[in-house]
file upload_37.cif (mmCIF, C-alpha atoms)
data_input
#
loop_
_atom_site.label_atom_id
_atom_site.label_comp_id
_atom_site.auth_asym_id
_atom_site.auth_seq_id
_atom_site.Cartn_x
_atom_site.Cartn_y
_atom_site.Cartn_z
CA MET B 1 -90.73 -183.84 30.35
CA ALA B 2 -90.82 -181.14 33.07
CA ALA B 3 -88.13 -181.12 35.67
CA ARG B 4 -89.22 -182.33 39.06
CA LYS B 5 -89.04 -179.77 41.86
CA SER B 6 -86.61 -180.39 44.66
CA PRO B 7 -87.73 -181.00 48.26
CA ALA B 8 -86.35 -177.59 49.25
CA GLN B 9 -88.53 -175.91 46.71
CA GLU B 10 -91.51 -177.87 47.95
CA ARG B 11 -90.87 -176.65 51.49
CA GLU B 12 -90.70 -172.97 50.34
CA ARG B 13 -94.21 -172.97 48.96
CA PRO B 14 -96.04 -173.34 52.33
CA ARG B 15 -93.86 -170.63 53.77
CA GLU B 16 -94.74 -168.25 50.95
CA HIS B 17 -98.42 -169.13 51.34
CA ALA B 18 -98.28 -168.52 55.11
CA SER B 19 -96.50 -165.24 54.56
CA GLY B 20 -99.21 -164.14 52.13
CA ASN B 21 -101.91 -165.04 54.62
CA ASP B 22 -100.16 -163.02 57.31
CA GLN B 23 -100.04 -160.00 55.02
CA VAL B 24 -103.71 -160.33 54.18
CA HIS B 25 -104.57 -160.71 57.85
CA THR B 26 -102.47 -157.69 58.71
CA TRP B 27 -104.11 -155.57 56.03
CA THR B 28 -107.53 -156.77 57.10
CA LEU B 29 -106.76 -155.94 60.70
CA VAL B 30 -105.38 -152.50 59.78
CA THR B 31 -108.36 -151.81 57.56
CA SER B 32 -110.78 -152.97 60.27
CA GLN B 33 -109.07 -150.80 62.85
CA ALA B 34 -109.08 -147.84 60.46
CA LEU B 35 -112.75 -148.34 59.70
CA ASP B 36 -113.53 -148.76 63.41
CA THR B 37 -111.61 -145.60 64.20
CA ALA B 38 -113.30 -143.74 61.37
CA TRP B 39 -116.72 -145.00 62.52
CA ARG B 40 -116.04 -143.88 66.08
CA VAL B 41 -114.99 -140.47 64.77
CA VAL B 42 -118.05 -140.21 62.53
CA LYS B 43 -120.32 -141.54 65.28
CA GLY B 44 -118.91 -139.03 67.74
CA SER B 45 -119.24 -136.23 65.22
CA VAL B 46 -122.82 -137.21 64.40
CA THR B 47 -123.69 -137.51 68.08
CA LEU B 48 -122.13 -134.13 68.74
CA ALA B 49 -123.93 -132.60 65.77
CA VAL B 50 -127.25 -134.11 66.85
CA SER B 51 -126.72 -132.90 70.41
CA LEU B 52 -125.77 -129.47 69.15
CA LEU B 53 -128.77 -129.40 66.83
CA ALA B 54 -131.07 -130.50 69.64
CA ALA B 55 -129.62 -127.79 71.89
CA ILE B 56 -130.11 -125.20 69.15
CA LEU B 57 -133.68 -126.35 68.54
CA CYS B 58 -134.39 -126.29 72.26
CA TYR B 59 -132.91 -122.79 72.48
CA PHE B 60 -134.95 -121.50 69.57
CA ARG B 61 -138.06 -123.18 70.96
CA ARG B 62 -137.58 -121.42 74.27
CA LEU B 63 -136.76 -118.19 72.44
CA HIS B 64 -139.91 -118.60 70.34
CA LEU B 65 -142.03 -119.19 73.43
CA HIS B 66 -140.45 -116.23 75.20
CA LEU B 67 -140.88 -113.93 72.22
CA GLY B 68 -144.43 -115.22 71.78
CA HIS B 69 -145.27 -114.38 75.38
CA ARG B 70 -143.63 -110.96 75.08
CA LEU B 71 -145.38 -110.25 71.78
CA LYS B 72 -148.70 -111.33 73.25
CA TRP B 73 -148.11 -109.08 76.24
CA TRP B 74 -147.23 -106.11 74.03
CA ILE B 75 -150.24 -106.71 71.78
CA GLY B 76 -152.50 -106.83 74.83
CA TYR B 77 -150.85 -103.72 76.22
CA LEU B 78 -151.22 -101.78 72.98
CA GLN B 79 -154.81 -102.94 72.62
CA ARG B 80 -155.57 -101.81 76.17
CA ARG B 81 -153.66 -98.60 75.63
CA PHE B 82 -155.32 -97.57 72.39
CA LYS B 83 -158.68 -99.36 72.53
CA ARG B 84 -159.29 -98.20 76.05
CA ASN B 85 -160.26 -94.74 74.79
CA LEU B 86 -162.13 -95.95 71.70
CA SER B 87 -165.74 -95.48 72.69
CA VAL B 88 -167.14 -97.16 69.56
CA GLU B 89 -165.33 -100.40 68.74
CA ALA B 90 -164.74 -102.02 65.38
CA GLU B 91 -167.33 -104.30 63.79
CA VAL B 92 -167.54 -107.88 65.09
CA ASP B 93 -169.65 -110.77 63.86
CA LEU B 94 -173.11 -110.56 65.42
CA LEU B 95 -173.54 -114.25 66.24
CA SER B 96 -169.99 -114.53 67.60
CA TYR B 97 -170.69 -111.59 69.90
CA CYS B 98 -173.94 -113.21 71.00
CA ALA B 99 -172.23 -116.56 71.70
CA ARG B 100 -169.60 -114.81 73.80
CA GLU B 101 -172.05 -112.70 75.80
CA TRP B 102 -174.91 -115.19 76.28
CA LYS B 103 -173.51 -118.64 77.08
CA GLY B 104 -175.89 -119.77 79.80
CA GLU B 105 -179.02 -121.89 79.60
CA THR B 106 -181.27 -119.57 81.57
CA PRO B 107 -184.56 -118.54 79.93
CA HIS B 108 -183.25 -114.99 79.47
CA ALA B 109 -180.03 -116.18 77.79
CA LYS B 110 -182.03 -118.38 75.42
CA LEU B 111 -184.33 -115.47 74.62
CA MET B 112 -181.38 -113.23 73.82
CA ARG B 113 -179.80 -115.82 71.53
CA LYS B 114 -183.07 -116.17 69.62
CA ALA B 115 -183.31 -112.38 69.33
CA TYR B 116 -179.79 -112.15 67.89
CA GLU B 117 -180.55 -114.97 65.45
CA GLU B 118 -183.63 -113.03 64.34
CA LEU B 119 -181.48 -109.99 63.63
CA PHE B 120 -178.89 -112.05 61.75
CA TRP B 121 -181.12 -114.22 59.58
CA ARG B 122 -184.24 -112.10 59.03
CA ARG B 123 -183.13 -108.51 59.55
CA HIS B 124 -179.82 -109.05 57.71
CA ILE B 125 -177.73 -107.54 60.50
CA LYS B 126 -174.39 -109.31 60.21
CA CYS B 127 -172.16 -107.32 62.57
CA VAL B 128 -172.33 -105.11 65.61
CA ARG B 129 -170.27 -102.24 66.96
CA GLN B 130 -169.98 -102.27 70.72
CA VAL B 131 -170.45 -98.87 72.33
CA ARG B 132 -168.88 -97.91 75.63
CA ARG B 133 -171.35 -98.53 78.44
CA ASP B 134 -171.88 -95.26 80.22
CA ASN B 135 -174.65 -92.70 80.57
CA TYR B 136 -173.83 -91.08 77.23
CA ASP B 137 -174.02 -94.25 75.11
CA ALA B 138 -177.40 -93.51 73.48
CA LEU B 139 -176.19 -90.08 72.39
CA ARG B 140 -172.86 -91.59 71.31
CA SER B 141 -174.53 -94.31 69.24
CA VAL B 142 -176.69 -91.80 67.37
CA LEU B 143 -174.01 -89.17 66.80
CA PHE B 144 -171.46 -91.74 65.62
CA GLN B 145 -173.81 -92.88 62.88
CA ILE B 146 -174.67 -89.32 61.86
CA PHE B 147 -170.98 -88.51 61.45
CA SER B 148 -169.88 -91.84 59.94
CA ARG B 149 -172.64 -91.61 57.33
CA GLY B 150 -172.05 -87.94 56.65
CA LEU B 151 -175.69 -86.95 57.22
CA ALA B 152 -176.62 -83.33 56.59
CA PHE B 153 -177.76 -80.78 59.15
CA PRO B 154 -181.42 -80.85 60.17
CA SER B 155 -183.42 -78.35 58.15
CA TRP B 156 -184.11 -76.09 61.13
CA MET B 157 -180.41 -75.91 61.97
CA LYS B 158 -179.68 -74.66 58.47
CA GLU B 159 -182.06 -71.76 59.05
CA LYS B 160 -180.61 -70.72 62.41
CA ASP B 161 -177.16 -70.13 63.80
CA ILE B 162 -177.22 -72.76 66.54
CA VAL B 163 -174.15 -71.23 68.18
CA LYS B 164 -176.32 -68.29 69.28
CA LEU B 165 -179.11 -70.43 70.73
CA PRO B 166 -177.92 -70.26 74.39
CA GLU B 167 -178.04 -66.44 74.33
CA LYS B 168 -181.36 -66.54 72.51
CA LEU B 169 -182.96 -68.59 75.29
CA LEU B 170 -181.72 -66.11 77.85
CA PHE B 171 -182.32 -62.75 76.17
CA SER B 172 -185.24 -63.46 73.82
CA GLN B 173 -187.24 -65.88 75.94
CA GLY B 174 -186.06 -64.94 79.42
CA CYS B 175 -184.90 -68.44 80.38
CA ASN B 176 -182.44 -67.35 83.06
CA TRP B 177 -183.05 -70.69 84.77
CA ILE B 178 -180.68 -72.21 82.20
CA GLN B 179 -177.85 -71.21 84.54
CA GLN B 180 -178.75 -74.37 86.47
CA TYR B 181 -177.82 -76.53 83.49
CA SER B 182 -175.48 -79.41 84.41
CA PHE B 183 -172.69 -80.68 82.17
CA GLY B 184 -172.79 -84.36 83.02
CA PRO B 185 -171.12 -84.82 86.40
CA GLU B 186 -170.76 -81.04 86.80
CA LYS B 187 -173.73 -80.04 88.93
CA TYR B 188 -173.66 -76.27 88.59
CA THR B 189 -171.60 -73.77 86.66
CA GLY B 190 -173.51 -70.52 87.24
CA SER B 191 -172.74 -67.67 84.90
CA ASN B 192 -170.23 -69.80 83.00
CA VAL B 193 -173.07 -71.86 81.54
CA PHE B 194 -173.59 -69.70 78.45
CA GLY B 195 -169.93 -69.62 77.50
CA LYS B 196 -169.55 -73.36 77.97
CA LEU B 197 -172.74 -74.14 76.08
CA ARG B 198 -171.69 -71.87 73.24
CA LYS B 199 -168.35 -73.71 72.93
CA CYS B 200 -170.09 -77.09 72.98
CA VAL B 201 -172.62 -76.09 70.33
CA GLU B 202 -169.91 -74.48 68.21
CA LEU B 203 -167.89 -77.70 68.34
CA LEU B 204 -170.95 -79.71 67.29
CA LYS B 205 -171.58 -77.37 64.36
CA THR B 206 -167.94 -77.48 63.25
CA GLN B 207 -167.62 -81.25 63.44
CA TRP B 208 -170.98 -81.89 61.81
CA THR B 209 -170.15 -79.52 58.95
CA GLU B 210 -166.80 -81.20 58.44
CA PHE B 211 -168.14 -84.76 58.42
CA SER B 212 -171.09 -83.96 56.17
CA GLY B 213 -168.68 -82.43 53.64
CA ILE B 214 -166.53 -85.58 53.33
CA LYS B 215 -167.66 -87.86 50.53
CA ASP B 216 -165.19 -90.70 51.13
CA TYR B 217 -166.66 -93.29 53.52
CA HIS B 218 -163.28 -94.62 54.68
CA LYS B 219 -162.00 -91.14 55.46
CA ARG B 220 -165.09 -90.45 57.56
CA GLY B 221 -164.50 -93.74 59.37
CA SER B 222 -160.89 -92.84 60.16
CA MET B 223 -161.94 -89.44 61.43
CA CYS B 224 -164.65 -91.02 63.58
CA ASN B 225 -162.05 -93.30 65.17
CA ILE B 226 -160.00 -90.25 66.10
CA LEU B 227 -162.91 -88.19 67.35
CA PHE B 228 -164.54 -90.99 69.34
CA SER B 229 -161.33 -91.71 71.20
CA ASP B 230 -161.16 -88.21 72.70
CA ALA B 231 -163.28 -88.29 75.83
CA LEU B 232 -163.14 -84.51 76.38
CA LEU B 233 -164.39 -83.65 72.89
CA GLU B 234 -167.03 -86.36 73.09
CA CYS B 235 -168.51 -84.96 76.30
CA LYS B 236 -168.76 -81.50 74.73
CA LEU B 237 -170.59 -82.93 71.72
CA TYR B 238 -173.06 -84.84 73.90
CA GLU B 239 -173.72 -81.80 76.05
CA ALA B 240 -174.42 -79.88 72.85
CA LEU B 241 -176.96 -82.53 71.86
CA LYS B 242 -178.59 -82.27 75.28
CA PHE B 243 -178.85 -78.52 74.86
CA ILE B 244 -180.35 -78.92 71.37
CA MET B 245 -183.00 -81.18 72.93
CA LEU B 246 -183.68 -78.58 75.64
CA TYR B 247 -183.97 -75.84 73.04
CA GLN B 248 -186.54 -77.84 71.07
CA VAL B 249 -188.54 -78.57 74.21
CA THR B 250 -188.54 -74.85 75.03
CA GLU B 251 -189.59 -73.89 71.51
CA VAL B 252 -192.47 -76.36 71.46
CA TYR B 253 -193.54 -75.30 74.96
CA GLU B 254 -193.81 -71.69 73.76
CA GLN B 255 -195.89 -72.87 70.79
CA MET B 256 -198.17 -74.81 73.13
CA LYS B 257 -198.77 -71.70 75.22
CA THR B 258 -199.98 -69.89 72.09
CA LYS B 259 -202.40 -72.76 71.35
CA LYS B 260 -200.48 -74.01 68.34
CA VAL B 261 -200.61 -77.66 67.34
CA ILE B 262 -197.60 -79.53 68.68
CA PRO B 263 -196.36 -83.10 68.06
CA SER B 264 -197.98 -85.73 70.23
CA LEU B 265 -194.72 -86.78 71.83
CA PHE B 266 -194.37 -83.33 73.40
CA ARG B 267 -197.92 -83.45 74.71
CA LEU B 268 -196.97 -86.68 76.43
CA LEU B 269 -193.81 -85.06 77.79
CA PHE B 270 -195.64 -82.07 79.27
CA THR B 271 -198.32 -84.22 80.90
CA ARG B 272 -195.73 -85.76 83.21
CA GLU B 273 -195.38 -84.04 86.58
CA THR B 274 -191.60 -84.25 86.35
CA SER B 275 -191.45 -82.54 82.95
CA SER B 276 -194.46 -80.23 82.83
CA ASP B 277 -192.28 -77.39 81.50
CA PRO B 278 -188.74 -76.95 80.13
CA LEU B 279 -187.27 -76.12 83.55
CA SER B 280 -188.62 -79.26 85.22
CA PHE B 281 -187.56 -81.33 82.20
CA MET B 282 -184.04 -79.99 82.54
CA MET B 283 -183.81 -80.33 86.32
CA ASN B 284 -185.47 -83.74 86.67
CA HIS B 285 -184.28 -85.49 83.52
CA LEU B 286 -181.77 -83.80 81.25
CA ASN B 287 -179.27 -82.74 83.90
CA SER B 288 -178.85 -86.38 84.98
CA VAL B 289 -177.97 -87.60 81.47
CA GLY B 290 -174.27 -88.34 81.33
CA ASP B 291 -174.04 -88.39 85.11
CA THR B 292 -176.38 -90.82 86.86
CA CYS B 293 -178.57 -92.04 84.00
CA GLY B 294 -178.94 -92.18 80.25
CA LEU B 295 -181.80 -91.28 77.93
CA GLU B 296 -185.28 -92.57 78.67
CA GLN B 297 -187.67 -93.57 75.89
CA ILE B 298 -189.38 -90.18 75.83
CA ASP B 299 -185.94 -88.58 75.56
CA MET B 300 -185.19 -90.75 72.53
CA PHE B 301 -188.29 -89.32 70.86
CA ILE B 302 -187.07 -85.79 71.54
CA LEU B 303 -183.57 -86.62 70.30
CA GLY B 304 -184.89 -88.03 67.03
CA TYR B 305 -187.21 -85.05 66.57
CA SER B 306 -184.46 -82.53 67.31
CA LEU B 307 -181.93 -84.09 64.92
CA GLU B 308 -184.55 -84.99 62.31
CA VAL B 309 -183.62 -88.65 62.21
CA LYS B 310 -185.78 -91.71 62.74
CA ILE B 311 -184.13 -93.80 65.44
CA LYS B 312 -185.07 -97.46 65.03
CA VAL B 313 -184.27 -99.53 68.11
CA PHE B 314 -184.26 -103.32 68.31
CA ARG B 315 -185.14 -104.10 71.94
CA LEU B 316 -183.82 -107.64 72.23
CA PHE B 317 -185.31 -108.30 75.66
CA LYS B 318 -188.73 -107.68 74.07
CA PHE B 319 -188.27 -110.40 71.44
CA ASN B 320 -191.54 -111.99 70.25
CA SER B 321 -193.55 -108.94 71.28
CA ARG B 322 -194.85 -105.88 69.45
CA ASP B 323 -192.25 -103.76 71.26
CA PHE B 324 -189.31 -105.68 69.80
CA GLU B 325 -188.81 -102.99 67.16
CA VAL B 326 -189.70 -99.37 67.91
CA CYS B 327 -189.03 -96.04 66.23
CA TYR B 328 -188.36 -92.64 67.77
CA PRO B 329 -190.32 -90.67 66.74
CA GLU B 330 -192.98 -93.00 65.43
CA GLU B 331 -194.31 -90.48 62.95
CA SER B 332 -191.52 -88.57 61.23
CA LEU B 333 -192.66 -85.35 59.63
CA ARG B 334 -190.56 -85.89 56.51
CA GLU B 335 -188.42 -88.58 54.94
CA TRP B 336 -185.83 -88.40 57.66
CA PRO B 337 -182.71 -90.62 57.58
CA GLU B 338 -183.03 -93.79 59.62
CA ILE B 339 -180.53 -94.75 62.31
CA SER B 340 -180.60 -98.19 63.93
CA LEU B 341 -179.63 -99.19 67.46
CA LEU B 342 -179.93 -102.37 69.45
CA THR B 343 -180.35 -102.69 73.19
CA GLU B 344 -180.53 -105.58 75.59
CA ASN B 345 -182.10 -103.64 78.44
CA ASP B 346 -183.20 -100.11 77.37
CA ARG B 347 -180.20 -98.68 79.21
CA HIS B 348 -177.18 -99.40 77.02
CA TYR B 349 -177.06 -99.34 73.24
CA HIS B 350 -174.92 -100.80 70.47
CA ILE B 351 -174.77 -100.14 66.74
CA PRO B 352 -176.02 -102.86 64.34
CA VAL B 353 -174.28 -103.13 60.96
CA PHE B 354 -176.37 -104.31 58.04
#
call {"tool": "encode", "arguments": {"input": "upload_37.cif", "output": "structure tokens"}}
result
Amino acid sequence: MAARKSPAQERERPREHASGNDQVHTWTLVTSQALDTAWRVVKGSVTLAVSLLAAILCYFRRLHLHLGHRLKWWIGYLQRRFKRNLSVEAEVDLLSYCAREWKGETPHAKLMRKAYEELFWRRHIKCVRQVRRDNYDALRSVLFQIFSRGLAFPSWMKEKDIVKLPEKLLFSQGCNWIQQYSFGPEKYTGSNVFGKLRKCVELLKTQWTEFSGIKDYHKRGSMCNILFSDALLECKLYEALKFIMLYQVTEVYEQMKTKKVIPSLFRLLFTRETSSDPLSFMMNHLNSVGDTCGLEQIDMFILGYSLEVKIKVFRLFKFNSRDFEVCYPEESLREWPEISLLTENDRHYHIPVF
């Protein structure tokens, strides 16, 4: 039979139990305090990290916005700096260009939008090259396409040294009035005319020969971008084209005086009081080209005839009429290359891209 515990032993048991509870409570309290301290440390660290991360994100956001604004400014600056001199711009979507230029609901704006849609859907013109709006833009639009396509010299230019044409007009045909020729804004250059014309025509011959000899389309395009961003060279080329037109008018006029058959467009030219002969044509029309006005329709005929190209012009303001599409000249003597232009007003021209 087990021995019965004494009263003293019975009293010790509650004390031991109470002591154990105190230890458990103490450990619980210590653990709770440790966990609370650790939580506060972690919470503070997390809060600090989040705050730091937010500050970093805010900094980078501001930096991104700042750099974005600076980059946008530099892009705009570079575009203005280098595109400013580019007289024939890169291709843009035809309908996008139309939507940007003709937003209104006026009858004219609606007519222009329909004309552009006609070009896009039925004439298969998908893009357009904008040409700088000045009084050379018709000449620029034609010459750019001649060079970019690498077209060959006109047949008559192959038979003659066009560099000598200024002297030929003076010495062979007695056209001393050519000293009154104007180079765009330059009204009069006197005896310097022949030297300046010779340099202009020589530049045209050199550039035309170079472009026509390049078989790679992309290389011709790169060279066109360089050439048509040099305003000084451009003006010389356009003045050479003007002189070529004047030379052809003079040649045909001499043929007319000998009763030879001449193209109908020249008969129309010489029936006008302001262009009854080469001198009046030069003084009243050609000298103003590049200065106060561009080419008129009759001038476009002469340009096409002189360069032996058929210039097809889409006159958008004449949409839904027989004059919407015209050719200069109407009757080409041979299978001349075709060059296309579009105009909204018969004053300024752009280049359609099929």
call {"tool": "closest_atom_pairs", "arguments": {"input": "upload_37.cif", "of": "range 132-194 of chain B", "to": "range 239-250 of chain B", "cutoff": "8 Å", "atoms": "only C-alpha atoms", "output": "JSON lines"}}
result
{"residue": "B:Leu139", "atom": "CA", "partner": "B:Leu241", "partner_atom": "CA", "distance": 7.6}
{"residue": "B:Leu165", "atom": "CA", "partner": "B:Tyr247", "partner_atom": "CA", "distance": 7.6}
{"residue": "B:Leu169", "atom": "CA", "partner": "B:Tyr247", "partner_atom": "CA", "distance": 7.7}
{"residue": "B:Phe183", "atom": "CA", "partner": "B:Glu239", "partner_atom": "CA", "distance": 6.3}
{"residue": "B:Gly184", "atom": "CA", "partner": "B:Glu239", "partner_atom": "CA", "distance": 7.5}
call {"tool": "write_last_selection", "arguments": {"input": "upload_37.cif", "atoms": "C-alpha atoms", "output": "PDB file, in the coordinates of the input"}}
result
ATOM      1  CA  LEU B 139    -176.190 -90.080  72.390  1.00  0.00           C
ATOM      2  CA  LEU B 165    -179.110 -70.430  70.730  1.00  0.00           C
ATOM      3  CA  LEU B 169    -182.960 -68.590  75.290  1.00  0.00           C
ATOM      4  CA  PHE B 183    -172.690 -80.680  82.170  1.00  0.00           C
ATOM      5  CA  GLY B 184    -172.790 -84.360  83.020  1.00  0.00           C
TER       6      GLY B 184
END
call {"tool": "resolve_selection", "arguments": {"input": "upload_37.cif", "expression": "the PyMOL selection byres ((chain B and resi 187-197) around 9)", "output": "list in words"}}
result
Val163, Pro166, Glu167, Leu170, Ile178, Gln179, Gln180, Tyr181, Ser182, Phe183, Gly184, Pro185, Glu186, Arg198, Lys199, Cys200, Val201, Glu202, Lys236, Glu239, Ala240, Phe243 and Asn287 of chain B
call {"tool": "atom_distance", "arguments": {"input": "upload_37.cif", "atom1": "CA of Glu234 in chain B", "atom2": "CA of Val88 in chain B"}}
result
11.4 Å
call {"tool": "closest_residue", "arguments": {"input": "upload_37.cif", "among": "B:Tyr305, B:Pro329, B:Leu269, B:Tyr238", "to": "Tyr136 in chain B", "atoms": "all atoms listed in the file"}}
result
B:Tyr238
call {"tool": "axis_aligned_box", "arguments": {"input": "upload_37.cif", "around": "range 233-246 of chain B", "padding_each_side": "6 Å", "output": "AutoDock Vina command-line options"}}
result
--center_x -174.0 --center_y -82.4 --center_z 73.8 --size_x 31.3 --size_y 19.8 --size_z 16.9
call {"tool": "residues_around", "arguments": {"input": "upload_37.cif", "residues": "Arg132 in chain B", "least_positions_apart": "2", "cutoff": "12 Å", "atoms": "only C-alpha atoms", "output": "list in words"}}
result
Lys83, Arg84, Asn85, Leu86, Ser87, Val88, Glu89, Ala90, Arg129, Gln130, Asp134, Asn135, Tyr136, Asp137, Ala138, Leu139, Arg140, Ser141, Phe228, Ser229, Ala231, Glu234, Arg347, His348, Tyr349, His350 and Ile351 of chain B
call {"tool": "atom_distance", "arguments": {"input": "upload_37.cif", "atom1": "CA of His66 in chain B", "atom2": "CA of Val50 in chain B"}}
result
23.7 Å
call {"tool": "atom_distance", "arguments": {"input": "upload_37.cif", "atom1": "CA of Ser288 in chain B", "atom2": "CA of Thr206 in chain B"}}
result
25.9 Å
call {"tool": "closest_residue", "arguments": {"input": "upload_37.cif", "among": "B:Val309, B:Glu210, B:Lys43, B:Pro352", "to": "Tyr97 in chain B", "atoms": "only C-alpha atoms"}}
result
B:Pro352
call {"tool": "closest_residue", "arguments": {"input": "upload_37.cif", "among": "B:Glu117, B:Asp323, B:Glu331, B:Glu105", "to": "Asp93 in chain B", "atoms": "all atoms listed in the file"}}
result
B:Glu117
call {"tool": "residues_around", "arguments": {"input": "upload_37.cif", "residues": "Leu307 in chain B", "least_positions_apart": "6", "cutoff": "10 Å", "atoms": "all atoms listed in the file", "output": "NGL selection string"}}
result
:B and (142-143 or 146 or 152-157 or 241 or 244-245 or 248 or 336-337)
call {"tool": "resolve_selection", "arguments": {"input": "upload_37.cif", "expression": "the PyMOL selection byres ((chain B and resi 311) around 7)", "output": "PyMOL selection string"}}
result
chain B and resi 304+309-310+312-313+327-328+338-340
call {"tool": "residues_around", "arguments": {"input": "upload_37.cif", "residues": "Asp346 in chain B", "least_positions_apart": "6", "cutoff": "9 Å", "atoms": "all atoms listed in the file", "output": "list in words"}}
result
Leu295, Glu296, Gln297, Arg315 and Phe317 of chain B
call {"tool": "residues_near_point", "arguments": {"input": "upload_37.cif", "point": "(-188.5, -112.1, 67.1)", "cutoff": "12 Å", "atoms": "all atoms listed in the file", "output": "MDAnalysis selection string"}}
result
chainID B and resid 111:123 314:325
call {"tool": "closest_residue", "arguments": {"input": "upload_37.cif", "among": "B:Met256, B:Leu57, B:Met223, B:Met283", "to": "Phe211 in chain B", "atoms": "only C-alpha atoms"}}
result
B:Met223
call {"tool": "closest_residue", "arguments": {"input": "upload_37.cif", "among": "B:Arg133, B:Lys158, B:His218, B:Arg267", "to": "Cys293 in chain B", "atoms": "all atoms listed in the file"}}
result
B:Arg133
call {"tool": "closest_residue", "arguments": {"input": "upload_37.cif", "among": "B:Ser306, B:Val30, B:Gly290, B:Gly44", "to": "Val252 in chain B", "atoms": "only C-alpha atoms"}}
result
B:Ser306
